[in-house]
Structures are given as structure tokens and as C-alpha cells.
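This is protein34.tsv (TSV, C-alpha atoms and all ligand atoms).
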```
chain	number	residue	atom	x	y	z
A	1	MET	CA	-102.69	-65.57	77.75
A	2	LYS	CA	-106.50	-65.33	77.80
A	3	MET	CA	-106.65	-66.22	74.10
A	4	LEU	CA	-104.11	-69.06	74.45
A	5	ALA	CA	-106.02	-70.50	77.42
A	6	VAL	CA	-109.31	-70.43	75.47
A	7	GLU	CA	-107.51	-72.17	72.58
A	8	GLY	CA	-106.42	-74.95	74.97
A	9	ILE	CA	-102.69	-74.11	75.14
A	10	PHE	CA	-102.68	-73.22	78.89
A	11	THR	CA	-104.93	-73.89	81.87
A	12	ALA	CA	-106.57	-70.87	83.54
A	13	VAL	CA	-107.77	-70.90	87.14
A	14	ASP	CA	-109.60	-67.96	88.77
A	15	VAL	CA	-107.94	-66.84	91.98
A	16	PRO	CA	-110.44	-65.00	94.24
A	17	ALA	CA	-109.51	-61.77	95.99
A	18	ALA	CA	-107.79	-62.21	99.35
A	19	GLY	CA	-109.56	-60.29	102.11
A	20	GLU	CA	-113.00	-58.66	101.99
A	21	GLY	CA	-114.43	-55.55	100.25
A	22	GLU	CA	-112.39	-52.37	99.75
A	23	GLY	CA	-109.73	-53.46	102.18
A	24	ALA	CA	-108.95	-56.63	100.17
A	25	ALA	CA	-105.20	-57.39	100.17
A	26	THR	CA	-105.21	-58.62	96.52
A	27	ALA	CA	-107.65	-58.24	93.61
A	28	PRO	CA	-109.15	-61.34	91.94
A	29	SER	CA	-106.82	-62.68	89.27
A	30	VAL	CA	-106.24	-65.64	86.96
A	31	ARG	CA	-103.44	-68.15	87.40
A	32	TYR	CA	-102.23	-69.71	84.15
A	33	GLY	CA	-100.56	-73.09	84.04
A	34	LEU	CA	-99.09	-75.69	81.71
A	35	ASN	CA	-101.25	-78.41	80.18
A	36	PRO	CA	-100.12	-81.34	77.99
A	37	VAL	CA	-99.92	-79.03	74.93
A	38	SER	CA	-97.75	-76.31	76.49
A	39	ARG	CA	-95.62	-78.93	78.25
A	40	LEU	CA	-94.43	-79.89	74.75
A	41	LEU	CA	-92.97	-76.39	74.41
A	42	VAL	CA	-90.77	-76.29	77.49
A	43	GLY	CA	-87.69	-78.12	78.77
A	44	GLY	CA	-86.26	-79.65	75.58
A	45	GLY	CA	-89.65	-79.86	73.88
A	46	VAL	CA	-90.64	-79.03	70.33
A	47	SER	CA	-90.64	-75.21	70.60
A	48	PRO	CA	-88.03	-74.97	67.78
A	49	CYS	CA	-90.72	-76.45	65.46
A	50	VAL	CA	-93.06	-73.59	66.40
A	51	LEU	CA	-90.26	-71.05	65.85
A	52	MET	CA	-89.60	-72.53	62.40
A	53	GLY	CA	-93.31	-72.63	61.47
A	54	THR	CA	-93.74	-68.99	62.48
A	55	SER	CA	-90.43	-67.74	61.04
A	56	PRO	CA	-90.64	-64.73	58.68
A	57	LEU	CA	-89.45	-66.91	55.77
A	58	PHE	CA	-92.38	-69.32	56.27
A	59	LEU	CA	-94.94	-66.57	56.92
A	60	GLU	CA	-93.90	-64.55	53.85
A	61	ALA	CA	-94.25	-67.72	51.78
A	62	SER	CA	-97.75	-68.39	53.11
A	63	LEU	CA	-98.78	-64.86	52.05
A	64	ARG	CA	-98.07	-65.91	48.46
A	65	LEU	CA	-100.66	-68.72	48.56
A	66	PRO	CA	-103.52	-66.59	47.09
A	67	GLN	CA	-101.35	-65.77	44.04
A	68	TRP	CA	-100.24	-69.36	43.81
A	69	PHE	CA	-103.86	-70.60	43.80
A	70	GLN	CA	-104.70	-68.11	41.03
A	71	ARG	CA	-102.06	-69.81	38.91
A	72	ASP	CA	-103.92	-73.09	39.53
A	73	GLY	CA	-100.87	-74.33	41.42
A	74	GLU	CA	-98.75	-74.21	38.26
A	75	GLY	CA	-95.10	-73.16	38.34
A	76	GLU	CA	-92.97	-72.82	41.45
A	77	PRO	CA	-94.19	-73.36	45.03
A	78	ALA	CA	-95.25	-70.40	47.20
A	79	PHE	CA	-91.91	-70.47	49.11
A	80	ALA	CA	-89.95	-70.09	45.86
A	81	MET	CA	-92.37	-67.37	44.68
A	82	ALA	CA	-91.57	-65.40	47.84
A	83	HIS	CA	-87.83	-66.08	48.09
A	84	GLY	CA	-86.70	-67.07	44.60
A	85	GLU	CA	-85.39	-70.50	45.66
A	86	SER	CA	-86.30	-73.69	47.54
A	87	PRO	CA	-86.07	-73.98	51.36
A	88	TYR	CA	-82.99	-76.25	51.10
A	89	ALA	CA	-81.28	-73.72	48.82
A	90	THR	CA	-81.97	-71.08	51.49
A	91	THR	CA	-80.50	-73.27	54.26
A	92	GLY	CA	-77.36	-73.43	52.07
A	93	HIS	CA	-76.54	-69.73	52.50
A	94	ASP	CA	-78.71	-68.42	55.37
A	95	MET	CA	-76.94	-69.92	58.37
A	96	GLU	CA	-79.54	-68.66	60.84
A	97	PHE	CA	-82.35	-70.40	58.90
A	98	ASN	CA	-80.16	-73.50	58.49
A	99	ALA	CA	-79.67	-73.66	62.28
A	100	LEU	CA	-83.39	-73.07	62.90
A	101	VAL	CA	-84.46	-75.89	60.52
A	102	ASN	CA	-81.90	-78.35	61.90
A	103	GLU	CA	-82.81	-77.53	65.48
A	104	ALA	CA	-86.54	-77.81	64.72
A	105	MET	CA	-86.20	-81.18	63.01
A	106	GLY	CA	-83.82	-82.32	65.77
A	107	SER	CA	-86.42	-81.49	68.43
A	108	ASP	CA	-89.08	-83.40	66.48
A	109	SER	CA	-86.70	-86.36	66.18
A	110	ARG	CA	-85.91	-86.34	69.91
A	111	TYR	CA	-89.60	-86.65	70.63
A	112	MET	CA	-90.22	-89.22	67.84
A	113	ALA	CA	-87.21	-91.34	68.85
A	114	GLU	CA	-88.74	-92.02	72.27
A	115	LEU	CA	-91.91	-93.28	70.57
A	116	VAL	CA	-90.02	-95.38	68.01
A	117	VAL	CA	-87.90	-97.06	70.69
A	118	ARG	CA	-90.96	-97.68	72.89
A	119	GLU	CA	-93.53	-98.66	70.25
A	120	CYS	CA	-91.57	-100.38	67.48
A	121	GLY	CA	-88.07	-101.28	68.65
A	122	GLU	CA	-88.41	-104.69	66.92
A	123	VAL	CA	-87.94	-102.88	63.59
A	124	PHE	CA	-84.19	-102.79	64.38
A	125	THR	CA	-83.86	-106.50	65.23
A	126	GLY	CA	-81.17	-108.07	63.06
A	127	VAL	CA	-80.08	-104.69	61.64
A	128	THR	CA	-76.32	-104.16	62.10
A	129	SER	CA	-75.87	-101.02	60.01
A	130	LEU	CA	-78.23	-98.15	59.23
A	131	VAL	CA	-77.92	-94.99	57.19
A	132	ASP	CA	-80.25	-92.13	58.09
A	133	VAL	CA	-80.76	-90.40	54.75
A	134	GLY	CA	-81.54	-86.68	55.12
A	135	GLY	CA	-80.81	-87.30	58.79
A	136	GLY	CA	-80.14	-83.65	59.67
A	137	ASN	CA	-78.05	-83.11	62.80
A	138	GLY	CA	-78.14	-86.82	63.68
A	139	THR	CA	-80.60	-86.70	66.61
A	140	MET	CA	-82.56	-89.74	65.41
A	141	ALA	CA	-79.46	-91.77	64.47
A	142	THR	CA	-77.89	-91.01	67.87
A	143	ALA	CA	-81.05	-92.11	69.70
A	144	ILE	CA	-81.13	-95.36	67.68
A	145	ALA	CA	-77.43	-96.03	68.35
A	146	LYS	CA	-77.99	-95.48	72.09
A	147	ALA	CA	-81.09	-97.67	72.29
A	148	PHE	CA	-79.80	-100.44	69.99
A	149	PRO	CA	-76.01	-100.74	70.50
A	150	HIS	CA	-75.81	-103.48	67.82
A	151	VAL	CA	-76.68	-100.90	65.11
A	152	LYS	CA	-73.84	-98.85	63.59
A	153	CYS	CA	-75.37	-95.64	62.25
A	154	SER	CA	-74.37	-93.08	59.69
A	155	VAL	CA	-76.10	-89.87	58.70
A	156	LEU	CA	-76.19	-88.62	55.12
A	157	ASP	CA	-77.20	-85.00	54.54
A	158	LEU	CA	-76.25	-81.95	52.51
A	159	PRO	CA	-72.74	-80.52	53.18
A	160	HIS	CA	-73.99	-77.34	54.89
A	161	VAL	CA	-76.13	-79.44	57.26
A	162	VAL	CA	-73.48	-81.94	58.41
A	163	GLN	CA	-70.50	-79.58	58.42
A	164	GLY	CA	-69.57	-78.72	61.97
A	165	VAL	CA	-71.84	-81.36	63.51
A	166	VAL	CA	-69.85	-83.21	66.17
A	167	SER	CA	-70.93	-86.81	66.76
A	168	THR	CA	-71.92	-87.44	70.37
A	169	HIS	CA	-71.91	-91.23	70.01
A	170	GLU	CA	-69.00	-93.44	68.99
A	171	SER	CA	-71.05	-95.47	66.49
A	172	VAL	CA	-72.61	-92.51	64.65
A	173	GLU	CA	-70.76	-91.08	61.64
A	174	PHE	CA	-71.68	-88.21	59.33
A	175	ALA	CA	-71.32	-88.04	55.54
A	176	ALA	CA	-72.00	-85.12	53.23
A	177	GLY	CA	-73.72	-85.97	49.97
A	178	ASP	CA	-76.74	-85.81	47.70
A	179	MET	CA	-79.24	-88.66	48.19
A	180	MET	CA	-80.35	-88.19	44.58
A	181	GLU	CA	-76.86	-89.31	43.51
A	182	TYR	CA	-75.71	-91.89	46.05
A	183	VAL	CA	-76.77	-93.59	49.26
A	184	PRO	CA	-74.03	-95.54	51.13
A	185	PRO	CA	-74.59	-99.32	51.57
A	186	ALA	CA	-76.24	-100.51	54.82
A	187	ASP	CA	-78.59	-103.22	56.11
A	188	ALA	CA	-81.27	-100.58	56.57
A	189	VAL	CA	-81.96	-97.09	55.27
A	190	LEU	CA	-84.05	-94.68	57.35
A	191	LEU	CA	-85.99	-91.81	55.77
A	192	LYS	CA	-87.71	-89.73	58.46
A	193	CYS	CA	-89.81	-86.81	57.27
A	194	VAL	CA	-87.87	-86.71	54.02
A	195	LEU	CA	-90.15	-88.09	51.29
A	196	HIS	CA	-93.02	-85.70	52.11
A	197	ASN	CA	-90.72	-82.91	50.83
A	198	TRP	CA	-90.60	-84.42	47.33
A	199	SER	CA	-92.78	-85.12	44.30
A	200	ASP	CA	-93.79	-88.69	43.44
A	201	GLU	CA	-91.14	-88.79	40.67
A	202	ASP	CA	-88.37	-87.64	43.03
A	203	CYS	CA	-89.52	-90.12	45.72
A	204	VAL	CA	-89.14	-92.94	43.18
A	205	LYS	CA	-85.58	-91.72	42.41
A	206	ILE	CA	-84.65	-91.49	46.11
A	207	LEU	CA	-86.15	-94.89	46.93
A	208	THR	CA	-84.39	-96.50	43.96
A	209	LYS	CA	-81.04	-95.25	45.37
A	210	CYS	CA	-82.06	-96.63	48.79
A	211	ARG	CA	-82.93	-100.02	47.26
A	212	GLU	CA	-79.48	-100.15	45.62
A	213	ALA	CA	-77.89	-99.25	48.98
A	214	ILE	CA	-79.58	-102.09	50.90
A	215	ALA	CA	-78.80	-104.56	48.08
A	216	GLN	CA	-75.10	-103.90	48.78
A	217	GLY	CA	-75.51	-104.21	52.57
A	218	ALA	CA	-74.38	-107.32	54.45
A	219	LYS	CA	-77.96	-108.67	54.69
A	220	ALA	CA	-81.05	-108.50	52.53
A	221	GLY	CA	-82.24	-105.30	54.11
A	222	LYS	CA	-85.12	-102.88	54.28
A	223	VAL	CA	-86.00	-99.24	54.04
A	224	ILE	CA	-87.67	-97.70	57.11
A	225	ILE	CA	-89.86	-94.68	56.41
A	226	ILE	CA	-91.28	-92.42	59.11
A	227	ASP	CA	-93.91	-90.16	57.57
A	228	ALA	CA	-97.67	-89.64	57.60
A	229	VAL	CA	-100.05	-92.15	56.03
A	230	VAL	CA	-103.19	-90.05	55.69
A	231	GLY	CA	-106.55	-91.67	56.33
A	232	SER	CA	-105.58	-94.66	58.42
A	233	PRO	CA	-108.84	-95.96	60.00
A	234	SER	CA	-107.20	-96.06	63.44
A	235	HIS	CA	-106.49	-92.31	63.40
A	236	SER	CA	-108.58	-89.74	65.29
A	237	GLN	CA	-110.03	-86.52	63.85
A	238	GLN	CA	-107.22	-84.59	65.62
A	239	VAL	CA	-104.56	-86.69	63.89
A	240	LEU	CA	-106.26	-86.09	60.53
A	241	GLU	CA	-106.29	-82.32	61.22
A	242	ALA	CA	-102.55	-82.38	61.99
A	243	GLN	CA	-101.88	-84.37	58.80
A	244	VAL	CA	-103.81	-82.04	56.49
A	245	LEU	CA	-102.18	-78.97	58.09
A	246	MET	CA	-98.80	-80.53	57.39
A	247	ASP	CA	-100.02	-81.33	53.86
A	248	MET	CA	-100.76	-77.59	53.36
A	249	GLN	CA	-97.30	-76.70	54.63
A	250	MET	CA	-95.63	-79.18	52.26
A	251	MET	CA	-97.65	-77.71	49.37
A	252	MET	CA	-96.53	-74.19	50.30
A	253	LEU	CA	-92.87	-75.07	50.80
A	254	PHE	CA	-92.16	-77.71	48.16
A	255	MET	CA	-95.33	-78.33	46.15
A	256	SER	CA	-95.21	-81.79	47.72
A	257	LYS	CA	-97.71	-83.55	49.97
A	258	GLU	CA	-98.67	-85.97	52.73
A	259	ARG	CA	-99.73	-89.27	51.16
A	260	GLU	CA	-102.47	-91.83	51.54
A	261	GLU	CA	-101.61	-95.52	51.43
A	262	LEU	CA	-102.46	-95.92	47.74
A	263	SER	CA	-100.08	-93.10	46.73
A	264	TRP	CA	-97.31	-94.65	48.84
A	265	GLN	CA	-97.96	-98.07	47.32
A	266	LYS	CA	-97.63	-96.73	43.76
A	267	ILE	CA	-94.28	-95.08	44.57
A	268	PHE	CA	-92.97	-98.22	46.31
A	269	MET	CA	-93.84	-100.47	43.38
A	270	GLU	CA	-92.33	-98.04	40.83
A	271	ALA	CA	-89.10	-97.94	42.85
A	272	GLY	CA	-88.86	-101.74	42.59
A	273	PHE	CA	-89.98	-102.83	46.07
A	274	SER	CA	-92.20	-105.88	46.44
A	275	HIS	CA	-93.93	-105.48	49.80
A	276	TYR	CA	-94.33	-103.21	52.81
A	277	LYS	CA	-95.78	-103.04	56.32
A	278	ILE	CA	-97.38	-99.93	57.83
A	279	GLN	CA	-97.65	-99.44	61.62
A	280	PRO	CA	-99.69	-96.31	62.46
A	281	VAL	CA	-98.22	-96.03	65.96
A	282	LEU	CA	-96.42	-92.65	65.95
A	283	GLY	CA	-99.29	-90.17	66.33
A	284	MET	CA	-99.72	-88.34	63.04
A	285	ARG	CA	-96.92	-90.43	61.52
A	286	SER	CA	-96.53	-94.10	60.75
A	287	ILE	CA	-93.51	-96.34	60.52
A	288	ILE	CA	-93.35	-98.13	57.17
A	289	GLN	CA	-91.00	-101.04	56.55
A	290	LEU	CA	-90.29	-101.53	52.89
A	291	TYR	CA	-88.74	-104.66	51.37
A	292	PRO	CA	-87.18	-105.41	47.95
B	301	LIG	C1	-87.50	-82.33	56.85
B	301	LIG	S1	-85.80	-82.56	57.11
B	301	LIG	C2	-85.77	-84.09	58.01
B	301	LIG	C3	-84.55	-84.22	58.86
B	301	LIG	C4	-84.49	-85.50	59.70
B	301	LIG	N1	-84.70	-86.69	58.92
B	301	LIG	C5	-85.50	-85.43	60.81
B	301	LIG	O1	-86.63	-85.87	60.63
B	301	LIG	O2	-85.17	-84.89	61.87
B	301	LIG	C6	-85.24	-83.09	55.51
B	301	LIG	C7	-83.73	-83.27	55.45
B	301	LIG	O3	-83.37	-83.66	54.12
B	301	LIG	C8	-82.14	-83.04	53.79
B	301	LIG	N2	-81.95	-83.02	52.34
B	301	LIG	C9	-82.60	-82.25	51.43
B	301	LIG	N3	-82.15	-82.52	50.18
B	301	LIG	C10	-81.19	-83.48	50.33
B	301	LIG	C11	-80.35	-84.17	49.40
B	301	LIG	N4	-80.44	-83.94	48.08
B	301	LIG	N5	-79.50	-85.10	49.88
B	301	LIG	C12	-79.42	-85.35	51.23
B	301	LIG	N6	-80.20	-84.74	52.14
B	301	LIG	C13	-81.06	-83.81	51.70
B	301	LIG	C14	-82.30	-81.66	54.39
B	301	LIG	O4	-81.07	-80.98	54.52
B	301	LIG	C15	-82.96	-81.98	55.73
B	301	LIG	O5	-82.02	-82.22	56.74
```
Represent the supplied structure as C-alpha cells.
Amino acid sequence: MKMLAVEGIFTAVDVPAAGEGEGAATAPSVRYGLNPVSRLLVGGGVSPCVLMGTSPLFLEASLRLPQWFQRDGEGEPAFAMAHGESPYATTGHDMEFNALVNEAMGSDSRYMAELVVRECGEVFTGVTSLVDVGGGNGTMATAIAKAFPHVKCSVLDLPHVVQGVVSTHESVEFAAGDMMEYVPPADAVLLKCVLHNWSDEDCVKILTKCREAIAQGAKAGKVIIIDAVVGSPSHSQQVLEAQVLMDMQMMMLFMSKEREELSWQKIFMEAGFSHYKIQPVLGMRSIIQLYP
């Protein structure tokens, strides 16, 4: 607790001894309390993200980084060096890890959804249907459906992720599939924390499928990306630190990265989009609207 308080995770207040001298009723002590950081970890907060980040599978992978650097970053990512497969292959057969990842991303989405609804609800104006690609257990789609009843949502994810998920909202449906192969038609496609798992080439493939999906929607639609845009001038040093830590984690897990605006722009143009709008209003992440 002493260490965590010094690191700024808890408050620490000295409590003086009660009573005087040897006959004191209680010895001096320290009372620890919650601060804004530790409040995030309790009562439906983002503690599952911490449990995922400190899981043995992640930690064993990070121990492979020295070897990985010695190979000049060639070959497979550190996670695959440690476990012989990618994280999403592991979620396919390790049900405990699958549950941990889905719960962690769900807790992040619960927190993000509040910000999206509050800070950029206008993004959903005129959208009648939305598919959340790589939408995990549907937390984000459910929050959107609740906040914007005019939007009918569906969630596309891998079979082992969506199987057994029970929809808690009448206008949220789940579909099992591979986004590399097919994205169902909709006015809007949402990609939250998905593209940072993939190489530039794979992002172009995914976004091309998304462009085809919105072309078949009822209206000329858009793709909505929630991910980091590194180096936005409006970001603080703390936000930059969080972004580069996440960049490290993406490198270790997938050999992918967090991107600066120029890298995003190149991918968008290669995938056949003509223009985009970035709003850096979600802490370390931005909301990007992308148009054909
Ligand atoms: C980092 S998680 C993000 C989950 C969710 N969007 C969120 O932010 O809460 C990435 C998601 O992509 C899904 N995914 C990975 N490969 C996929 C594929 N080929 N097709 C569809 N979904 C995929 C994973 O199962 C996972 O749920």
C-alpha cells in the first residue's frame, strides 16, 4: 500500500496515536483511501483491463521482448514466440483467457461509451443501422442502442467470442464471422480498438470490406474508428505516455502499433476513402469519421 500510495494509486493520510505516551489507546497509523485512479478499479470499473495486462500469458510474452529485439523485430511477435500462436488463436481454445479478454474490453467499452455519448453523440445523427466489427461481447453496441434508439446495431466477431453471448437489448444482434472475409451492410461501421491490432496491409483489407459494407447500406454511410491518434497537439504528456505504452503492448502482442495521423491517412486513402475527420476527445483515443 505504501508503494501504491507513493505511485499515486491511493491517498495516504497519517492518523496520530490516540491518547498520550505509553498509555496510548492506539499507535499512529496510516489510513489509505481511493483517489481518481483507484476509483477506476472498483464498482464496475476497468479492473478487468489490469487483470488482462498482468495475466501470465501477457507477462510471459513480455519476457520474450529481449530475444525479439535481438532478431531486429523480424519474424513472429513476442506473444507468438512465447505461446506459439496469436492472442486471438489462444482465445479460440483457452476459454478462461477468452473470458478475460472479452471482459477486459467490455469494461473499457463501458467507460468509453459514456464519453462517446457525452462528447460526440452527433456522430450517430442520421445513422439507422450500425455494425460493430470486432465488437466483442457487445458492450459498446448495447450502449449505443440504449443512447440512440433510432440505431439498430449488430455485432460481428469471431465465433468463440459471440457464442453464448445473450443480447440484453432488443435492437442488438450478434453475428459470427471473419471481418477479413465479409462485413454485413449497414449505414455505419464501428471499429473500436480493432485496427491497432493489425498491420497496415491488414488494416487496408479490413477497411476495404467496411467500405463495401457501407456502400450497400441504405444511405451513403461512414466508418467510425475509435483508436489512438498519436501526437495530437491537444494531448497532454500523460496521454502521450499512455499511447506509447499501448504502442509497446501492441508490438509485443501483434507486431502492430498505435498510429500517427499520417499513417492513418495513408491507410484510409489506400482503402479507397476520400476524407476523414478526427476528434481527439476520448482521452488517449480519438473518434475518427471516415467517408468514401
Ligand atoms: C481489442 S478487441 C476490441 C473489442 C471491442 N471492439 C472493444 O473495444 O471492446 C478486438 C476484437 O476483434 C476481434 N477479432 C479479431 N479477429 C477478428 C476477425 N478476423 N473477425 C472478426 N473479429 C475479430 C476479437 O475477437 C476482439 O473481440
Produce a table with one row for each residue of chain A that has an atom at most 7 Å from any atom of ligand LIG 301 (chain B), each row naming the nearest atom pair and its distance in Å at one decimal; use all atoms listed in the file; arrange rows by chain and rising residue number; format as a Markdown table.
```
| residue | atom | partner | partner_atom | distance |
| --- | --- | --- | --- | --- |
| A:Tyr88 | CA | B:LIG301 | C9 | 6.0 |
| A:Asn102 | CA | B:LIG301 | O5 | 6.5 |
| A:Met105 | CA | B:LIG301 | O2 | 4.0 |
| A:Gly106 | CA | B:LIG301 | O2 | 4.9 |
| A:Asp108 | CA | B:LIG301 | O2 | 6.2 |
| A:Ser109 | CA | B:LIG301 | O2 | 4.8 |
| A:Val133 | CA | B:LIG301 | N6 | 6.3 |
| A:Gly134 | CA | B:LIG301 | O3 | 3.7 |
| A:Gly135 | CA | B:LIG301 | N1 | 3.9 |
| A:Gly136 | CA | B:LIG301 | O5 | 3.8 |
| A:Thr139 | CA | B:LIG301 | O2 | 6.8 |
| A:Met140 | CA | B:LIG301 | O2 | 6.5 |
| A:Leu156 | CA | B:LIG301 | C12 | 6.0 |
| A:Asp157 | CA | B:LIG301 | N6 | 3.9 |
| A:Leu158 | CA | B:LIG301 | C12 | 4.8 |
| A:Val161 | CA | B:LIG301 | O4 | 5.9 |
| A:Gly177 | CA | B:LIG301 | N5 | 5.8 |
| A:Asp178 | CA | B:LIG301 | N5 | 3.6 |
| A:Met179 | CA | B:LIG301 | N5 | 3.9 |
| A:Met180 | CA | B:LIG301 | N4 | 5.5 |
| A:Leu191 | CA | B:LIG301 | N1 | 6.1 |
| A:Lys192 | CA | B:LIG301 | N1 | 4.3 |
| A:Cys193 | CA | B:LIG301 | O1 | 4.7 |
| A:Val194 | CA | B:LIG301 | C6 | 4.7 |
| A:Asn197 | CA | B:LIG301 | C1 | 6.9 |
```
> Can you tell me how far CA of Leu59 (chain A) sits from CA of Asn98 (chain A), in Å to one decimal?
Replying inline: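 These two atoms are separated by 16.4 Å.
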> Could you name the residues that touch Arg39 (chain A) at 10 Å or less, counting all atoms listed in the file, but leaving out those on the same chain fewer than 6 positions away, as a list in words?
Replying inline: Ile9, Phe10, Gly33, Gly45, Val46 and Ser47 of chain A
Write the residues you've just listed into a file as a CSV table (one decimal), keeping the file's coordinate frame, and include C-alpha atoms for each of them.
```csv
chain,number,residue,atom,x,y,z
A,9,ILE,CA,-102.7,-74.1,75.1
A,10,PHE,CA,-102.7,-73.2,78.9
A,33,GLY,CA,-100.6,-73.1,84.0
A,45,GLY,CA,-89.6,-79.9,73.9
A,46,VAL,CA,-90.6,-79.0,70.3
A,47,SER,CA,-90.6,-75.2,70.6
```
>> When you count only C-alpha atoms, which of these residues is closest to Pro185 (chain A): A:Glu103, A:Glu212, A:Glu241, A:Glu122?
In response: A:Glu212
> Nearest to Glu270 (chain A): which of A:Thr208, A:Ser107, A:Ser62, A:Ser256 is it, counting all atoms listed in the file?
Replying inline: A:Thr208
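CA of Val155 (chain A) sits 6.0 Å away from CA of Ala175 (chain A).
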Incomplete region 156-171 of chain A brought to N, CA, C and O atoms, written out as an mmCIF file, keeping the file's coordinate frame:
```
data_model
loop_
_atom_site.group_PDB
_atom_site.id
_atom_site.type_symbol
_atom_site.label_atom_id
_atom_site.label_comp_id
_atom_site.auth_asym_id
_atom_site.auth_seq_id
_atom_site.Cartn_x
_atom_site.Cartn_y
_atom_site.Cartn_z
ATOM 1 N N LEU A 156 -76.509 -89.272 56.391
ATOM 2 C CA LEU A 156 -76.190 -88.620 55.120
ATOM 3 C C LEU A 156 -77.051 -87.367 55.012
ATOM 4 O O LEU A 156 -78.279 -87.440 55.137
ATOM 5 N N ASP A 157 -76.414 -86.220 54.779
ATOM 6 C CA ASP A 157 -77.200 -85.000 54.540
ATOM 7 C C ASP A 157 -76.347 -84.047 53.702
ATOM 8 O O ASP A 157 -75.180 -84.333 53.391
ATOM 9 N N LEU A 158 -76.936 -82.925 53.340
ATOM 10 C CA LEU A 158 -76.250 -81.950 52.510
ATOM 11 C C LEU A 158 -75.031 -81.389 53.252
ATOM 12 O O LEU A 158 -75.052 -81.314 54.493
ATOM 13 N N PRO A 159 -73.972 -80.966 52.511
ATOM 14 C CA PRO A 159 -72.740 -80.520 53.180
ATOM 15 C C PRO A 159 -72.971 -79.433 54.225
ATOM 16 O O PRO A 159 -72.416 -79.510 55.325
ATOM 17 N N HIS A 160 -73.830 -78.428 53.926
ATOM 18 C CA HIS A 160 -73.990 -77.340 54.890
ATOM 19 C C HIS A 160 -74.733 -77.778 56.149
ATOM 20 O O HIS A 160 -74.708 -77.089 57.158
ATOM 21 N N VAL A 161 -75.411 -78.935 56.077
ATOM 22 C CA VAL A 161 -76.130 -79.440 57.260
ATOM 23 C C VAL A 161 -75.165 -80.224 58.163
ATOM 24 O O VAL A 161 -75.152 -80.032 59.384
ATOM 25 N N VAL A 162 -74.334 -81.079 57.562
ATOM 26 C CA VAL A 162 -73.480 -81.940 58.410
ATOM 27 C C VAL A 162 -72.172 -81.274 58.811
ATOM 28 O O VAL A 162 -71.553 -81.680 59.796
ATOM 29 N N GLN A 163 -71.789 -80.203 58.066
ATOM 30 C CA GLN A 163 -70.500 -79.580 58.420
ATOM 31 C C GLN A 163 -70.600 -78.986 59.830
ATOM 32 O O GLN A 163 -71.590 -78.345 60.183
ATOM 33 N N GLY A 164 -69.599 -79.281 60.611
ATOM 34 C CA GLY A 164 -69.570 -78.720 61.970
ATOM 35 C C GLY A 164 -70.371 -79.527 62.978
ATOM 36 O O GLY A 164 -70.316 -79.235 64.162
ATOM 37 N N VAL A 165 -71.131 -80.547 62.525
ATOM 38 C CA VAL A 165 -71.840 -81.360 63.510
ATOM 39 C C VAL A 165 -70.827 -82.310 64.156
ATOM 40 O O VAL A 165 -70.073 -82.982 63.453
ATOM 41 N N VAL A 166 -70.789 -82.327 65.480
ATOM 42 C CA VAL A 166 -69.850 -83.210 66.170
ATOM 43 C C VAL A 166 -70.654 -84.405 66.693
ATOM 44 O O VAL A 166 -71.659 -84.236 67.387
ATOM 45 N N SER A 167 -70.206 -85.616 66.325
ATOM 46 C CA SER A 167 -70.930 -86.810 66.760
ATOM 47 C C SER A 167 -70.812 -86.957 68.278
ATOM 48 O O SER A 167 -69.736 -86.781 68.841
ATOM 49 N N THR A 168 -71.946 -87.266 68.907
ATOM 50 C CA THR A 168 -71.920 -87.440 70.370
ATOM 51 C C THR A 168 -72.005 -88.920 70.743
ATOM 52 O O THR A 168 -72.225 -89.257 71.893
ATOM 53 N N HIS A 169 -71.880 -89.790 69.726
ATOM 54 C CA HIS A 169 -71.910 -91.230 70.010
ATOM 55 C C HIS A 169 -70.884 -91.919 69.126
ATOM 56 O O HIS A 169 -70.787 -91.613 67.931
ATOM 57 N N GLU A 170 -70.134 -92.860 69.736
ATOM 58 C CA GLU A 170 -69.000 -93.440 68.990
ATOM 59 C C GLU A 170 -69.437 -94.191 67.736
ATOM 60 O O GLU A 170 -68.674 -94.313 66.786
ATOM 61 N N SER A 171 -70.685 -94.735 67.710
ATOM 62 C CA SER A 171 -71.050 -95.470 66.490
ATOM 63 C C SER A 171 -71.957 -94.663 65.564
ATOM 64 O O SER A 171 -72.706 -95.236 64.782
#
```
